[in-house]
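Trainee: structure.txt is reproduced in full below (compact mmCIF, C-alpha atoms).
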```
# COMPACT_ATOMS: atom_id res chain seq x y z
CA MET A 15 97.52 105.27 90.26
CA LYS A 16 95.12 102.36 90.53
CA GLU A 17 92.32 104.84 89.80
CA LEU A 18 94.04 105.70 86.51
CA GLN A 19 94.20 102.06 85.55
CA THR A 20 90.53 101.58 86.39
CA ALA A 21 89.60 104.71 84.43
CA ALA A 22 91.56 103.51 81.38
CA LEU A 23 89.81 100.13 81.48
CA LYS A 24 86.39 101.80 81.81
CA ALA A 25 87.24 104.12 78.90
CA LEU A 26 88.02 101.07 76.75
CA GLU A 27 84.73 99.44 77.79
CA ASN A 28 82.80 102.62 76.96
CA LEU A 29 84.57 102.87 73.62
CA LYS A 30 83.48 99.32 72.78
CA LYS A 31 79.87 100.27 73.62
CA LEU A 32 80.19 103.37 71.46
CA GLU A 33 81.56 101.37 68.54
CA ASN A 34 78.44 99.17 68.66
CA LEU A 35 76.09 102.11 68.11
CA GLN A 36 74.56 102.06 64.65
CA PHE A 37 75.43 105.63 63.64
CA ILE A 38 79.11 104.99 64.44
CA LYS A 39 79.08 101.89 62.27
CA GLU A 40 77.63 103.89 59.36
CA ASP A 41 79.87 106.98 59.62
CA GLU A 42 83.36 106.46 58.17
CA GLU A 43 84.87 109.47 59.98
CA ALA A 44 83.40 108.33 63.31
CA ARG A 45 84.84 104.83 62.75
CA GLY A 46 88.26 106.38 62.09
CA ILE A 47 88.09 108.47 65.26
CA SER A 48 86.93 105.44 67.22
CA ALA A 49 89.80 103.31 65.89
CA ALA A 50 92.36 106.02 66.72
CA LEU A 51 90.94 106.42 70.21
CA SER A 52 90.98 102.67 70.72
CA SER A 53 94.64 102.52 69.69
CA GLU A 54 95.60 105.37 72.01
CA LEU A 55 93.71 103.87 74.94
CA LYS A 56 95.41 100.53 74.35
CA ILE A 57 98.82 102.22 74.57
CA ILE A 58 97.77 103.87 77.84
CA GLY A 59 96.48 100.54 79.16
CA ASP A 60 99.74 98.81 78.25
CA LYS A 61 102.01 101.47 79.79
CA LEU A 62 100.01 102.18 82.94
CA PRO A 63 100.97 99.04 84.90
CA LEU A 64 104.65 99.81 84.24
CA LEU A 65 104.18 103.38 85.47
CA ILE A 66 102.39 102.16 88.59
CA GLU A 67 105.19 99.69 89.32
CA GLU A 68 107.86 102.36 88.77
CA ASN A 69 105.97 104.84 90.95
CA GLU A 70 105.74 102.34 93.81
CA LYS A 71 109.45 101.57 93.50
CA LEU A 72 110.34 105.27 93.55
CA LYS A 73 108.09 105.89 96.56
CA SER A 74 109.83 103.10 98.44
CA GLU A 75 113.27 104.34 97.42
CA ASN A 76 112.33 107.90 98.41
CA HIS A 77 111.12 106.71 101.81
CA ASP A 78 114.34 104.79 102.41
CA LEU A 79 116.51 107.75 101.40
CA ARG A 80 114.53 110.13 103.61
CA ALA A 81 114.90 107.76 106.53
CA GLN A 82 118.65 107.51 105.90
CA LEU A 83 119.02 111.30 105.65
CA ALA A 84 116.86 111.90 108.69
CA GLY A 85 118.88 109.42 110.72
CA GLU A 86 122.08 111.24 109.79
CA HIS A 87 120.60 114.48 111.17
CA GLY A 88 119.07 113.07 114.34
CA PHE A 89 115.52 112.73 113.04
CA ASP A 90 113.12 109.84 112.97
CA VAL A 91 110.76 109.42 110.00
CA ARG A 92 107.12 108.65 110.73
CA ASP A 93 104.25 109.15 108.26
CA ASN A 94 106.83 110.54 105.78
CA VAL A 95 107.64 113.51 108.04
CA TYR A 96 110.49 114.26 110.43
CA TYR A 97 110.41 114.03 114.21
CA ALA A 98 113.31 114.98 116.45
CA SER A 99 114.83 112.04 118.31
CA ASP A 100 113.17 113.38 121.49
CA GLY A 101 109.75 113.07 119.77
CA ASP A 102 109.34 116.79 119.00
CA GLY A 103 107.66 117.41 115.65
CA PRO A 104 106.41 116.82 113.05
CA PHE A 105 108.72 118.89 110.80
CA CYS A 106 108.63 119.44 107.04
CA PRO A 107 111.15 117.24 105.19
CA TYR A 108 111.14 119.50 102.12
CA CYS A 109 111.94 122.66 104.09
CA TYR A 110 114.64 120.91 106.09
CA GLU A 111 116.30 119.32 103.06
CA ASN A 112 115.99 122.26 100.66
CA ARG A 113 115.91 125.35 102.86
CA ALA A 114 117.79 124.16 105.96
CA THR A 115 114.72 125.25 107.94
CA LYS A 116 113.20 123.23 110.74
CA MET A 117 109.57 124.09 109.93
CA ARG A 118 106.87 122.61 112.14
CA LEU A 119 103.93 121.07 110.27
CA ARG A 120 100.32 121.77 111.15
CA SER A 121 97.81 118.97 111.51
CA LEU A 122 94.94 118.82 109.03
CA GLU A 123 91.40 117.86 109.88
CA PRO A 124 90.63 114.30 108.72
CA GLY A 125 89.05 114.26 105.28
CA THR A 126 89.90 117.88 104.40
CA ALA A 127 92.94 117.17 102.24
CA GLY A 128 92.49 113.66 100.89
CA GLU A 129 94.96 111.35 102.61
CA ALA A 130 97.23 114.17 103.84
CA LYS A 131 97.65 114.50 107.62
CA TYR A 132 99.96 117.51 107.74
CA SER A 133 100.57 120.74 105.87
CA CYS A 134 103.58 123.08 105.81
CA ARG A 135 102.84 126.79 106.12
CA LEU A 136 106.09 127.73 104.39
CA CYS A 137 106.28 125.53 101.28
CA GLU A 138 102.62 124.37 101.32
CA SER A 139 103.61 120.70 100.97
CA ARG A 140 101.16 118.13 102.27
CA TYR A 141 102.08 114.85 103.90
```
Please express the file's structure as structure tokens.

Mentor:
Amino acid sequence: MKELQTAALKALENLKKLENLQFIKEDEEARGISAALSSELKIIGDKLPLLIEENEKLKSENHDLRAQLAGEHGFDVRDNVYYASDGDGPFCPYCYENRATKMRLRSLEPGTAGEAKYSCRLCESRY
């Protein structure tokens, strides 16, 4: 989400540079498009911090609820995945919660799937 915020700010900076070009200043239609784009980017810039904050809150709430649910079923939550209380795992939270299936996750090679460490063969979720 921080990347989105950075991209929005860079887009505004680039728009300002574009508005300073002589042919934009002389073309009425181009000025209108530039003004509309500026207005839309400002709305995005204003809303983005709120979305980031809400996303972080929801991630935290989701983590807490998963931990609570896992604890009720004899699981521990580590790295957002389930482990049996004896340490067996990792298991897919989505498959367990939605399909009642204890599906073992496979480890991913570092750097092959962004920040994901595990992948589920059944539902294809990444954690």

Trainee: When you count all atoms listed in the file, which of these residues is closest to Arg80 in chain A: A:Asn94, A:Ser53, A:Thr115, A:Gln19?

Mentor: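 The answer is A:Asn94, which sits nearest to Arg80 in chain A.
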
Trainee: My list of candidates is A:Ile66, A:Ala130, A:Val95, A:Ala50. Which is closest to Leu83 in chain A when distances are computed with only C-alpha atoms?

Mentor: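 Nearest to Leu83 in chain A: A:Val95.
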
Trainee: Could you tell me how far CA of Ala22 in chain A sits from CA of Phe37 in chain A, in Å to one decimal place?

Mentor: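 For CA of Phe37 in chain A relative to CA of Ala22 in chain A, the distance reads 24.1 Å.
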
Trainee: Looking at only C-alpha atoms, which of A:Leu35, A:Gly101, A:Phe89, A:Tyr141 is the one that sits closest to Leu119 in chain A?

Mentor: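 Checking each of A:Leu35, A:Gly101, A:Phe89, A:Tyr141 against Leu119 in chain A, counting only C-alpha atoms, the winner is A:Tyr141.
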
Trainee: One decimal, Å: what's the distance from CA of Leu55 in chain A over to CA of Glu70 in chain A, could you say?

Mentor: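 Atom-to-atom, CA of Leu55 in chain A to CA of Glu70 in chain A, that is 22.4 Å.
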
Trainee: Out of A:Lys71, A:Gly46, A:Phe105, A:Asp100, which residue has the shortest atom-to-atom distance to Gly88 in chain A when counting all atoms listed in the file?

Mentor: A:Asp100

Trainee: Could you jot down the CA of Asp90 in chain A to CA of Tyr110 in chain A separation for me, Å, one decimal place?

Mentor: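 So the two atoms, CA of Asp90 in chain A and CA of Tyr110 in chain A, lie 13.1 Å apart.
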
Trainee: If we count only C-alpha atoms and set the cut-off at 8 Å, which residues sit around Lys131 in chain A, ignoring sequence neighbours fewer than 3 positions away in its own chain? Please answer as a PDB file with C-alpha atoms, keeping the file's coordinate frame.

Mentor:
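Writing the result to around09.pdb gives the following:
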```pdb
ATOM      1  CA  SER A 121      97.810 118.970 111.510  1.00  0.00           C
ATOM      2  CA  LEU A 122      94.940 118.820 109.030  1.00  0.00           C
ATOM      3  CA  GLU A 123      91.400 117.860 109.880  1.00  0.00           C
ATOM      4  CA  PRO A 124      90.630 114.300 108.720  1.00  0.00           C
ATOM      5  CA  ALA A 127      92.940 117.170 102.240  1.00  0.00           C
ATOM      6  CA  ARG A 140     101.160 118.130 102.270  1.00  0.00           C
ATOM      7  CA  TYR A 141     102.080 114.850 103.900  1.00  0.00           C
TER       8      TYR A 141
END
```

Trainee: For His77 in chain A, which residue among A:Pro107, A:Tyr97, A:Ile57, A:Glu43 is the nearest when counting all atoms listed in the file?

Mentor: A:Pro107

Trainee: Would you please work out which residue, of A:Cys109, A:Asn69, A:Lys116, A:Gly103, is nearest to Glu138 in chain A when using all atoms listed in the file?

Mentor: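 Checking each candidate against Glu138 in chain A, we get A:Cys109 as the closest.
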